[in-house]
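Chemist: Data: work35.csv, CSV, C-alpha atoms.
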```csv
chain,number,residue,atom,x,y,z
Z,1,MET,CA,0.0,0.0,0.0
Z,2,LYS,CA,1.2,3.5,-0.8
Z,3,PHE,CA,0.9,6.3,1.8
Z,4,LYS,CA,1.6,10.0,1.9
Z,5,ALA,CA,2.6,11.6,5.1
Z,6,ALA,CA,2.4,15.3,5.8
Z,7,ILE,CA,4.7,16.2,8.7
Z,8,THR,CA,4.7,19.4,10.8
Z,9,ILE,CA,7.8,20.1,12.9
Z,10,MET,CA,7.8,22.9,15.4
Z,11,PRO,CA,10.3,24.3,17.9
Z,12,HIS,CA,9.4,23.4,21.5
Z,13,ASP,CA,7.0,25.9,23.0
Z,14,ALA,CA,9.4,26.7,25.8
Z,15,LEU,CA,12.2,27.7,23.3
Z,16,LEU,CA,12.6,31.1,22.0
Z,17,ASP,CA,12.0,31.1,18.2
Z,18,PRO,CA,14.0,34.2,16.9
Z,19,GLN,CA,12.7,33.6,13.4
Z,20,GLY,CA,9.1,33.7,14.6
Z,21,LYS,CA,9.9,36.8,16.7
Z,22,ALA,CA,11.3,38.6,13.7
Z,23,VAL,CA,8.3,37.7,11.6
Z,24,THR,CA,5.9,38.8,14.4
Z,25,GLY,CA,7.8,42.2,14.5
Z,26,SER,CA,7.2,42.7,10.7
Z,27,MET,CA,3.5,42.1,11.0
Z,28,LYS,CA,2.9,45.7,12.1
Z,29,ASN,CA,4.8,46.8,8.9
Z,30,ILE,CA,2.1,45.2,6.8
Z,31,GLY,CA,-0.6,46.7,8.8
Z,32,LEU,CA,-1.5,43.7,10.9
Z,33,PRO,CA,-0.3,44.6,14.4
Z,34,SER,CA,-2.9,42.3,16.0
Z,35,ILE,CA,-1.0,39.2,14.8
Z,36,GLN,CA,1.2,37.9,17.7
Z,37,ASN,CA,3.3,34.9,18.6
Z,38,VAL,CA,4.3,33.8,15.1
Z,39,ARG,CA,6.4,30.6,15.3
Z,40,VAL,CA,8.2,29.1,12.4
Z,41,GLY,CA,8.6,25.4,11.8
Z,42,LYS,CA,8.9,23.0,8.9
Z,43,HIS,CA,6.4,21.2,6.8
Z,44,ILE,CA,7.7,18.0,5.1
Z,45,THR,CA,5.7,15.6,2.9
Z,46,LEU,CA,6.9,12.1,1.9
Z,47,GLU,CA,5.6,9.0,0.2
Z,48,LEU,CA,6.2,5.5,1.3
Z,49,GLU,CA,5.2,1.9,0.7
Z,50,ALA,CA,4.0,-0.1,3.7
Z,51,ALA,CA,2.0,-3.3,4.4
Z,52,ASN,CA,-0.6,-1.4,6.4
Z,53,GLU,CA,-1.2,1.9,8.2
Z,54,THR,CA,0.4,0.8,11.5
Z,55,GLU,CA,3.6,-0.1,9.7
Z,56,ALA,CA,3.5,3.2,7.7
Z,57,LYS,CA,3.1,5.2,11.0
Z,58,GLN,CA,6.0,3.3,12.5
Z,59,SER,CA,8.3,4.2,9.5
Z,60,VAL,CA,7.3,7.9,9.6
Z,61,ASP,CA,7.9,8.0,13.4
Z,62,ASN,CA,11.3,6.4,12.8
Z,63,ALA,CA,12.1,9.0,10.1
Z,64,CYS,CA,11.1,11.8,12.4
Z,65,THR,CA,12.9,10.8,15.5
Z,66,LYS,CA,16.1,9.7,13.7
Z,67,LEU,CA,16.5,12.4,11.2
Z,68,LEU,CA,13.7,14.8,10.3
Z,69,ALA,CA,13.2,16.3,13.8
Z,70,ASN,CA,15.7,16.9,16.7
Z,71,MET,CA,13.7,15.9,19.8
Z,72,ILE,CA,15.9,18.1,22.0
Z,73,MET,CA,14.6,21.3,20.3
Z,74,GLU,CA,11.5,20.2,18.2
Z,75,ARG,CA,8.3,18.2,18.3
Z,76,TYR,CA,6.5,16.7,15.3
Z,77,GLU,CA,3.1,15.5,14.3
Z,78,PHE,CA,1.9,14.0,11.0
Z,79,THR,CA,-1.1,12.9,9.1
Z,80,LEU,CA,-1.1,9.8,6.9
Z,81,THR,CA,-3.3,9.3,3.8
Z,82,GLN,CA,-3.5,6.2,1.7
Z,83,GLN,CA,-2.8,6.8,-1.9
Z,84,SER,CA,-4.9,5.0,-4.5
C,85,MET,CA,50.4,12.8,16.6
C,86,LYS,CA,48.3,11.8,13.6
C,87,VAL,CA,45.2,13.9,13.0
C,88,GLY,CA,42.4,13.2,10.6
C,89,VAL,CA,40.4,16.1,9.3
C,90,VAL,CA,37.0,15.0,8.0
C,91,ILE,CA,35.7,16.7,4.8
C,92,PHE,CA,32.0,16.8,4.2
C,93,PRO,CA,30.4,18.3,1.1
C,94,GLY,CA,30.1,21.9,2.3
C,95,SER,CA,33.0,21.9,4.8
C,96,ASN,CA,34.9,25.1,4.4
C,97,CYS,CA,37.3,25.3,7.4
C,98,ASP,CA,39.0,22.0,6.8
C,99,GLN,CA,42.1,23.5,5.3
C,100,ASP,CA,42.4,26.0,8.2
C,101,ALA,CA,42.5,22.9,10.5
C,102,VAL,CA,45.0,21.1,8.3
C,103,TYR,CA,47.2,24.2,8.2
C,104,ALA,CA,47.1,24.6,12.0
C,105,PHE,CA,47.9,21.0,12.8
C,106,GLN,CA,50.5,20.5,10.1
C,107,HIS,CA,52.3,23.9,9.7
C,108,GLU,CA,51.9,25.3,13.2
C,109,PHE,CA,52.1,22.2,15.3
C,110,SER,CA,54.0,19.7,13.1
C,111,CYS,CA,51.4,17.0,13.3
C,112,GLU,CA,50.9,14.4,10.6
C,113,VAL,CA,47.6,15.2,9.0
C,114,VAL,CA,45.3,13.2,6.7
C,115,THR,CA,42.0,14.3,5.3
C,116,LEU,CA,39.1,11.9,5.6
C,117,TRP,CA,36.5,12.1,2.9
C,118,HIS,CA,32.9,11.7,4.1
C,119,LYS,CA,32.3,8.7,1.9
C,120,ASP,CA,35.3,6.8,3.3
C,121,HIS,CA,35.1,4.2,6.0
C,122,ASP,CA,38.7,4.2,7.0
C,123,LEU,CA,40.1,6.5,9.8
C,124,GLN,CA,43.6,5.6,8.7
C,125,GLY,CA,44.8,5.0,12.2
C,126,VAL,CA,44.6,8.6,13.4
C,127,ASP,CA,44.9,9.5,17.0
C,128,LEU,CA,42.5,12.4,16.8
C,129,VAL,CA,39.5,13.0,14.5
C,130,PHE,CA,38.8,16.7,13.8
C,131,LEU,CA,35.4,17.8,12.5
C,132,PRO,CA,35.8,21.2,10.9
C,133,GLY,CA,33.5,24.1,10.4
C,134,GLY,CA,31.4,24.9,7.3
C,135,PHE,CA,28.0,24.1,6.0
C,136,SER,CA,28.0,20.3,5.6
C,137,TYR,CA,25.2,19.3,3.2
C,138,GLY,CA,24.2,22.9,2.9
C,139,ASP,CA,22.9,22.9,6.4
C,140,TYR,CA,19.8,21.3,4.9
C,141,LEU,CA,17.1,20.2,7.5
C,142,ARG,CA,19.3,21.3,10.5
C,143,SER,CA,23.0,22.1,10.8
C,144,GLY,CA,24.9,18.8,11.0
C,145,ALA,CA,21.7,16.6,10.7
C,146,ILE,CA,22.6,15.0,7.4
C,147,ALA,CA,26.4,14.8,7.9
C,148,ARG,CA,25.7,12.8,11.1
C,149,PHE,CA,24.6,9.9,8.8
C,150,SER,CA,27.4,10.1,6.3
C,151,PRO,CA,29.5,6.9,5.9
C,152,ILE,CA,32.6,8.3,7.7
C,153,MET,CA,30.6,9.3,10.8
C,154,GLN,CA,29.6,5.7,11.5
C,155,ASN,CA,33.3,5.1,11.9
C,156,VAL,CA,33.8,8.2,14.0
C,157,ILE,CA,31.0,7.2,16.3
C,158,GLU,CA,32.5,3.8,16.7
C,159,PHE,CA,35.9,5.3,17.3
C,160,ALA,CA,34.5,7.7,19.9
C,161,GLY,CA,32.7,4.8,21.6
C,162,LYS,CA,36.1,3.0,22.1
C,163,GLY,CA,37.6,6.1,23.7
C,164,GLY,CA,39.0,7.7,20.5
C,165,LEU,CA,39.6,11.5,20.6
C,166,VAL,CA,37.2,13.6,18.5
C,167,PHE,CA,37.2,17.4,18.4
C,168,GLY,CA,34.5,19.4,16.5
C,169,VAL,CA,34.5,23.1,15.8
C,170,CYS,CA,31.5,25.1,14.7
C,171,ASN,CA,29.7,22.9,12.2
C,172,GLY,CA,31.8,20.0,13.7
C,173,PHE,CA,30.3,20.8,17.1
C,174,GLN,CA,26.8,20.8,15.5
C,175,VAL,CA,27.5,17.4,13.9
C,176,LEU,CA,28.7,16.0,17.2
C,177,CYS,CA,25.5,17.1,19.0
C,178,GLU,CA,23.3,15.8,16.2
C,179,SER,CA,25.1,12.4,16.4
C,180,GLY,CA,24.5,12.2,20.1
C,181,LEU,CA,28.3,12.1,20.8
C,182,LEU,CA,27.8,15.4,22.7
C,183,PRO,CA,24.6,16.4,24.7
C,184,GLY,CA,22.5,19.3,23.7
C,185,ALA,CA,21.7,21.1,20.5
C,186,LEU,CA,22.8,24.3,18.6
C,187,LEU,CA,19.9,26.5,17.8
C,188,ARG,CA,19.6,29.7,15.6
C,189,ASN,CA,21.3,32.7,17.2
C,190,THR,CA,18.8,34.8,19.1
C,191,SER,CA,19.8,37.8,16.9
C,192,VAL,CA,18.8,35.7,13.8
C,193,LYS,CA,22.1,37.1,12.4
C,194,PHE,CA,25.1,35.2,11.1
C,195,ASN,CA,27.8,36.4,13.6
C,196,CYS,CA,31.3,36.7,12.2
C,197,GLN,CA,33.5,38.5,14.8
C,198,ASN,CA,36.1,38.0,17.4
C,199,VAL,CA,34.7,37.1,20.8
C,200,PHE,CA,36.2,36.3,24.2
C,201,ILE,CA,35.9,32.9,25.9
C,202,LYS,CA,37.0,31.7,29.3
C,203,PRO,CA,38.3,28.2,29.9
C,204,GLN,CA,36.3,26.7,32.8
C,205,THR,CA,38.4,23.7,33.6
C,206,ASN,CA,41.9,22.3,32.9
C,207,ASN,CA,40.5,18.8,33.0
C,208,SER,CA,40.3,18.2,29.3
C,209,LEU,CA,42.4,17.4,26.2
C,210,ILE,CA,41.9,20.9,24.8
C,211,THR,CA,42.1,23.0,27.9
C,212,ASN,CA,44.8,21.4,30.1
C,213,GLN,CA,47.5,24.0,29.3
C,214,LEU,CA,45.2,27.1,29.5
C,215,ASP,CA,45.2,29.8,32.2
C,216,LEU,CA,41.7,29.7,33.8
C,217,ASN,CA,42.0,33.4,34.6
C,218,LYS,CA,42.7,34.6,31.0
C,219,ALA,CA,40.1,35.4,28.4
C,220,LEU,CA,41.0,34.1,25.0
C,221,LYS,CA,40.1,36.1,21.9
C,222,ILE,CA,38.8,33.6,19.3
C,223,PRO,CA,36.8,34.2,16.2
C,224,ILE,CA,33.3,32.9,15.7
C,225,ALA,CA,31.4,32.6,12.4
C,226,HIS,CA,27.9,31.0,12.7
C,227,GLY,CA,24.2,31.6,12.5
C,228,GLU,CA,23.2,28.6,14.6
C,229,GLY,CA,25.4,28.5,17.7
C,230,ARG,CA,22.9,29.0,20.5
C,231,PHE,CA,23.8,26.0,22.8
C,232,TYR,CA,20.7,24.6,24.4
C,233,CYS,CA,20.0,21.5,26.6
C,234,ASP,CA,17.4,20.7,29.2
C,235,GLU,CA,17.8,21.4,32.9
C,236,GLN,CA,18.8,17.9,33.8
C,237,THR,CA,21.5,17.8,31.1
C,238,LEU,CA,22.8,21.2,32.2
C,239,ALA,CA,23.0,20.0,35.8
C,240,SER,CA,25.0,16.9,34.7
C,241,LEU,CA,27.3,19.0,32.5
C,242,LYS,CA,28.1,21.1,35.6
C,243,THR,CA,28.4,18.1,38.0
C,244,ASN,CA,30.8,16.3,35.7
C,245,ASP,CA,32.9,19.4,34.8
C,246,GLN,CA,32.0,19.1,31.1
C,247,ILE,CA,31.6,22.8,30.4
C,248,LEU,CA,35.0,23.8,28.8
C,249,PHE,CA,34.4,27.4,27.6
C,250,THR,CA,32.0,30.2,28.3
C,251,TYR,CA,31.6,33.5,26.4
C,252,CYS,CA,32.9,36.4,28.5
C,253,ASN,CA,34.2,40.0,28.1
C,254,GLU,CA,37.8,41.0,27.5
C,255,GLN,CA,38.3,41.0,31.3
C,256,GLY,CA,37.2,37.4,31.5
C,257,ILE,CA,33.9,38.2,33.2
C,258,VAL,CA,30.9,36.2,32.0
C,259,THR,CA,28.2,38.7,31.2
C,260,PRO,CA,24.9,38.5,29.2
C,261,GLU,CA,26.3,41.2,26.8
C,262,SER,CA,29.3,39.0,25.9
C,263,ASN,CA,27.0,36.1,24.8
C,264,PRO,CA,27.0,36.4,21.0
C,265,ASN,CA,24.3,33.9,20.2
C,266,GLY,CA,22.0,33.5,23.3
C,267,SER,CA,23.7,30.2,24.4
C,268,LEU,CA,22.5,28.8,27.7
C,269,GLU,CA,24.6,30.1,30.5
C,270,ASN,CA,27.1,31.5,27.9
C,271,ILE,CA,28.3,28.0,27.0
C,272,ALA,CA,30.7,28.0,24.1
C,273,GLY,CA,32.2,24.6,24.4
C,274,ILE,CA,31.7,21.2,26.1
C,275,CYS,CA,33.0,17.7,26.3
C,276,ASN,CA,31.2,14.4,26.7
C,277,HIS,CA,30.9,12.4,30.0
C,278,THR,CA,33.9,10.2,29.2
C,279,ARG,CA,36.1,13.3,28.2
C,280,ASN,CA,37.2,12.0,24.8
C,281,VAL,CA,34.8,14.1,22.6
C,282,PHE,CA,35.0,17.9,22.5
C,283,GLY,CA,33.0,20.6,20.7
C,284,MET,CA,33.0,24.3,20.6
C,285,MET,CA,31.5,27.0,18.4
C,286,PRO,CA,34.5,29.4,18.3
C,287,HIS,CA,37.4,28.7,15.8
C,288,PRO,CA,40.7,28.2,17.6
C,289,GLU,CA,42.3,27.0,14.4
C,290,ARG,CA,41.9,30.5,13.0
C,291,ALA,CA,43.9,32.0,15.8
C,292,VAL,CA,47.2,30.2,15.7
C,293,ASP,CA,49.3,32.1,13.1
C,294,ALA,CA,51.2,35.3,14.2
C,295,ASP,CA,50.7,36.7,10.7
C,296,LEU,CA,47.0,37.1,11.5
C,297,TYR,CA,47.8,39.0,14.7
C,298,ASN,CA,46.0,36.6,17.0
C,299,THR,CA,47.5,33.5,18.5
C,300,ASP,CA,45.1,33.0,21.4
C,301,GLY,CA,44.0,29.7,19.9
C,302,ARG,CA,47.5,28.2,20.2
C,303,GLY,CA,46.9,27.1,23.8
C,304,LEU,CA,44.2,24.6,22.8
C,305,PHE,CA,46.5,23.0,20.3
C,306,GLU,CA,49.4,23.0,22.8
C,307,SER,CA,47.0,21.3,25.2
C,308,VAL,CA,46.1,18.6,22.7
C,309,LEU,CA,49.8,17.9,21.9
C,310,GLN,CA,50.8,18.0,25.6
C,311,LEU,CA,48.3,15.3,26.5
C,312,ALA,CA,49.0,13.3,23.4
C,313,SER,CA,52.8,13.2,24.1
C,314,ALA,CA,52.2,12.5,27.8
C,315,SER,CA,50.1,9.4,27.0
C,316,ARG,CA,52.9,7.9,24.9
```
Please, can you express the file's structure as structure tokens?
Modeler:
Amino acid sequence: MKFKAAITIMPHDALLDPQGKAVTGSMKNIGLPSIQNVRVGKHITLELEAANETEAKQSVDNACTKLLANMIMERYEFTLTQQS
Amino acid sequence: MKVGVVIFPGSNCDQDAVYAFQHEFSCEVVTLWHKDHDLQGVDLVFLPGGFSYGDYLRSGAIARFSPIMQNVIEFAGKGGLVFGVCNGFQVLCESGLLPGALLRNTSVKFNCQNVFIKPQTNNSLITNQLDLNKALKIPIAHGEGRFYCDEQTLASLKTNDQILFTYCNEQGIVTPESNPNGSLENIAGICNHTRNVFGMMPHPERAVDADLYNTDGRGLFESVLQLASASR
């Protein structure tokens, strides 16, 4: 079975995100001062073959914890959809 | 002493390290290509600065899985000496050979400047000859050098005397203003629990040649050579 995963990786809430802070600061320059607390992460999509959804989830979890995310500074979540 | 300098695609301080070890300290130096699996019997592996694999994903994240790193991790596991500077430090943290992580500078700027660092202990390969009361002027050049670890890890770094350098002012006083990247407690360099793996963001290899009017980095290399010759 073929699956597609859409992964979101975000810096831990407790960590200062200087990128997000800089972007927040620029919101007032585009006339949107009400926008606060921008945080910048990553969005990654990938496709994989797996026997079933459980196996697919396991593979994506492995990819995230081993390489795609650094658990010291980031957290991740993903959605999995079966491809026809 | 035989030193191996690893070259990843995107390394750009490898020749600085080769020059320092070879020309300034008369070491035998070999370069180790990232695709190789042979450490060529070196006594010390040096991971240089640069932008390995374009810093894609995170600094050091992809380099950590390159072929040579599997041998470096095995070498370190057996007590082999590994020293990483800047991107090399990031690779060591990503590989789990050193605790913590290096995050984007709080300024969001790439900082290329001379800073001052203070050695915190003489109990390491790279600090054993240093004066603990003297601030060293060493260049930095990084965008992601903000050292971070959780509270428990920080406590164990302190308990085990693993903090090697902290950012300070010219007088050697550790102040918030002298912290160039927002590192936790001004930490600039650490070692692992077993004291055979070392990492730091500043570049001592760029401060060894009198022609460049700064030789404050020489003491680190002299420390390495002192301990290496003492162990023979």
Chemist: Would you kindly report the residues of chain Z within 8 Å of chain C, using all atoms listed in the file, as a ChimeraX atom specification?
Modeler: /Z:16-19,67-68,70,72-73
Chemist: Any idea what's packed within 6 Å of C:Val126, counting all atoms listed in the file, ignoring anything in its chain fewer than 5 positions away? Could you give it as a list in words?
Modeler: Lys86, Val87 and Gly88 of chain C
Chemist: So that I can check the surroundings of stretch 212-214 of chain C, please list as a PDB file with C-alpha atoms, in the frame of the given file every protein, DNA and RNA residue that reaches within 9 Å of it, counting all atoms listed in the file and ignoring chain neighbours fewer than 2 positions away.
Modeler:
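Full text of part_32.pdb as output:
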```
ATOM      1  CA  PRO C 203      38.300  28.200  29.900  1.00  0.00           C
ATOM      2  CA  THR C 205      38.400  23.700  33.600  1.00  0.00           C
ATOM      3  CA  ASN C 206      41.900  22.300  32.900  1.00  0.00           C
ATOM      4  CA  ASN C 207      40.500  18.800  33.000  1.00  0.00           C
ATOM      5  CA  SER C 208      40.300  18.200  29.300  1.00  0.00           C
ATOM      6  CA  LEU C 209      42.400  17.400  26.200  1.00  0.00           C
ATOM      7  CA  ILE C 210      41.900  20.900  24.800  1.00  0.00           C
ATOM      8  CA  LEU C 216      41.700  29.700  33.800  1.00  0.00           C
ATOM      9  CA  ASN C 217      42.000  33.400  34.600  1.00  0.00           C
ATOM     10  CA  LYS C 218      42.700  34.600  31.000  1.00  0.00           C
ATOM     11  CA  GLY C 303      46.900  27.100  23.800  1.00  0.00           C
ATOM     12  CA  LEU C 304      44.200  24.600  22.800  1.00  0.00           C
ATOM     13  CA  GLU C 306      49.400  23.000  22.800  1.00  0.00           C
ATOM     14  CA  SER C 307      47.000  21.300  25.200  1.00  0.00           C
ATOM     15  CA  VAL C 308      46.100  18.600  22.700  1.00  0.00           C
ATOM     16  CA  GLN C 310      50.800  18.000  25.600  1.00  0.00           C
ATOM     17  CA  LEU C 311      48.300  15.300  26.500  1.00  0.00           C
TER      18      LEU C 311
END
```
Chemist: To one decimal in Å, tell me the separation between atom CA of C:Val129 and atom CA of C:Val89.
Modeler: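 About the pair atom CA of C:Val129 and atom CA of C:Val89: they are 6.1 Å apart.
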Chemist: Near C:Val169, counting only C-alpha atoms, which residues have an atom at most 7 Å away, once you skip same-chain residues fewer than 4 positions from it, shown as a compact mmCIF listing (two decimals) with C-alpha atoms, in the coordinates of the input?
Modeler:
```txt
# COMPACT_ATOMS: atom_id res chain seq x y z
CA LEU C 131 35.40 17.80 12.50
CA PRO C 132 35.80 21.20 10.90
CA GLY C 133 33.50 24.10 10.40
CA PHE C 173 30.30 20.80 17.10
CA GLY C 283 33.00 20.60 20.70
CA MET C 284 33.00 24.30 20.60
CA MET C 285 31.50 27.00 18.40
CA PRO C 286 34.50 29.40 18.30
CA HIS C 287 37.40 28.70 15.80
```
Chemist: Looking at C:Pro260, C:Gly125, C:Pro93, C:Gly273, which one is nearest to C:Leu241, with distances taken over all atoms listed in the file?
Modeler: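 For C:Leu241, the nearest of the candidates is C:Gly273.
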Chemist: Quick check, in Å to one decimal: how far apart do atom CA of C:Leu268 and atom CA of C:Asn171 lie?
Modeler: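 Atom-to-atom, atom CA of C:Leu268 and atom CA of C:Asn171 are spaced 18.1 Å apart.
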Chemist: Find the spatial neighbours of stretch 290-297 of chain C, counting only C-alpha atoms, within a cut-off of 9 Å - ignore same-chain residues fewer than 6 positions away - and output them as a PyMOL selection string.
Modeler: chain C and resi 97+100-101+104+108+221-223+303+305
Chemist: Would you write out those residues with C-alpha atoms, as a JSON list (two decimals), in the coordinates of the input?
Modeler:
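See result.json below for the written result:
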```json
[["chain", "number", "residue", "atom", "x", "y", "z"],
["C", 97, "CYS", "CA", 37.30, 25.30, 7.40],
["C", 100, "ASP", "CA", 42.40, 26.00, 8.20],
["C", 101, "ALA", "CA", 42.50, 22.90, 10.50],
["C", 104, "ALA", "CA", 47.10, 24.60, 12.00],
["C", 108, "GLU", "CA", 51.90, 25.30, 13.20],
["C", 221, "LYS", "CA", 40.10, 36.10, 21.90],
["C", 222, "ILE", "CA", 38.80, 33.60, 19.30],
["C", 223, "PRO", "CA", 36.80, 34.20, 16.20],
["C", 303, "GLY", "CA", 46.90, 27.10, 23.80],
["C", 305, "PHE", "CA", 46.50, 23.00, 20.30]]
```
Chemist: Do a neighbour search on C:Phe92 at 8 Å with all atoms listed in the file, toss out local chain neighbours closer than 5 positions, and write the hits as a ChimeraX atom specification.
Modeler: /C:117-118,136-137,147
Chemist: Identify which of the residues Z:Gln83, Z:Thr65, Z:Thr8, Z:Thr24 lies closest to Z:Ile44, counting all atoms listed in the file when measuring atom-to-atom distances.
Modeler: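 Looking only at the distances to Z:Ile44, the closest residue turns out to be Z:Thr8.
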Chemist: In Å, how far is it from atom CA of C:Asn253 to atom CA of C:Phe167?
Modeler: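 Going from atom CA of C:Asn253 over to atom CA of C:Phe167 covers 24.8 Å.
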Chemist: Nearest to C:Asn265: which of C:Gln246, C:Ser240, C:Asn195, C:Asn298 is it, counting all atoms listed in the file?
Modeler: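 With all atoms listed in the file as the atom set, the closest residue is C:Asn195.
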Chemist: Using only C-alpha atoms for the distances, tell me which of Z:Lys57, Z:Arg75, Z:Lys21, Z:His12 is nearest to Z:Ile35.
Modeler: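 Among the listed residues, the smallest separation from Z:Ile35 belongs to Z:Lys21.
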Chemist: Of the candidates C:Leu176, C:Ile91, C:Cys196, C:Leu116, which shows the shortest atom-to-atom distance to C:Phe282, using only C-alpha atoms?
Modeler: C:Leu176
Chemist: Nearest to C:Ser95: which of C:Tyr251, C:Phe109, C:Phe159, C:Phe135 is it, counting only C-alpha atoms?
Modeler: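 Result for the nearest residue to C:Ser95: C:Phe135.
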Chemist: Dump stretch 90-105 of chain C with N, CA and C atoms to a file, as a tab-separated table (two decimals), in the first residue's frame.
Modeler:
```tsv
chain	number	residue	atom	x	y	z
C	90	VAL	N	38.07	15.54	8.83
C	90	VAL	CA	36.98	15.03	8.00
C	90	VAL	C	36.50	16.14	7.05
C	91	ILE	N	36.26	15.76	5.81
C	91	ILE	CA	35.71	16.73	4.84
C	91	ILE	C	34.35	16.25	4.35
C	92	PHE	N	33.33	17.02	4.68
C	92	PHE	CA	31.97	16.77	4.18
C	92	PHE	C	31.75	17.67	2.98
C	93	PRO	N	30.78	17.36	2.12
C	93	PRO	CA	30.44	18.35	1.10
C	93	PRO	C	29.91	19.60	1.80
C	94	GLY	N	30.56	20.72	1.59
C	94	GLY	CA	30.13	21.95	2.27
C	94	GLY	C	31.03	22.35	3.43
C	95	SER	N	31.98	21.48	3.81
C	95	SER	CA	32.97	21.90	4.82
C	95	SER	C	33.77	23.04	4.21
C	96	ASN	N	34.09	24.05	4.98
C	96	ASN	CA	34.92	25.12	4.42
C	96	ASN	C	36.02	25.61	5.36
C	97	CYS	N	36.19	24.94	6.49
C	97	CYS	CA	37.28	25.30	7.40
C	97	CYS	C	38.27	24.15	7.53
C	98	ASP	N	38.12	23.14	6.68
C	98	ASP	CA	38.98	21.96	6.77
C	98	ASP	C	40.44	22.32	6.54
C	99	GLN	N	40.70	23.22	5.56
C	99	GLN	CA	42.10	23.55	5.27
C	99	GLN	C	42.71	24.42	6.37
C	100	ASP	N	41.89	25.20	7.05
C	100	ASP	CA	42.39	25.96	8.22
C	100	ASP	C	42.90	24.99	9.28
C	101	ALA	N	42.13	23.92	9.49
C	101	ALA	CA	42.51	22.93	10.50
C	101	ALA	C	43.76	22.17	10.07
C	102	VAL	N	43.81	21.79	8.78
C	102	VAL	CA	44.99	21.09	8.27
C	102	VAL	C	46.22	21.98	8.46
C	103	TYR	N	46.09	23.26	8.09
C	103	TYR	CA	47.20	24.21	8.21
C	103	TYR	C	47.66	24.31	9.67
C	104	ALA	N	46.70	24.46	10.58
C	104	ALA	CA	47.06	24.64	11.99
C	104	ALA	C	47.82	23.41	12.51
C	105	PHE	N	47.25	22.24	12.32
C	105	PHE	CA	47.89	21.03	12.84
C	105	PHE	C	49.23	20.74	12.15
```
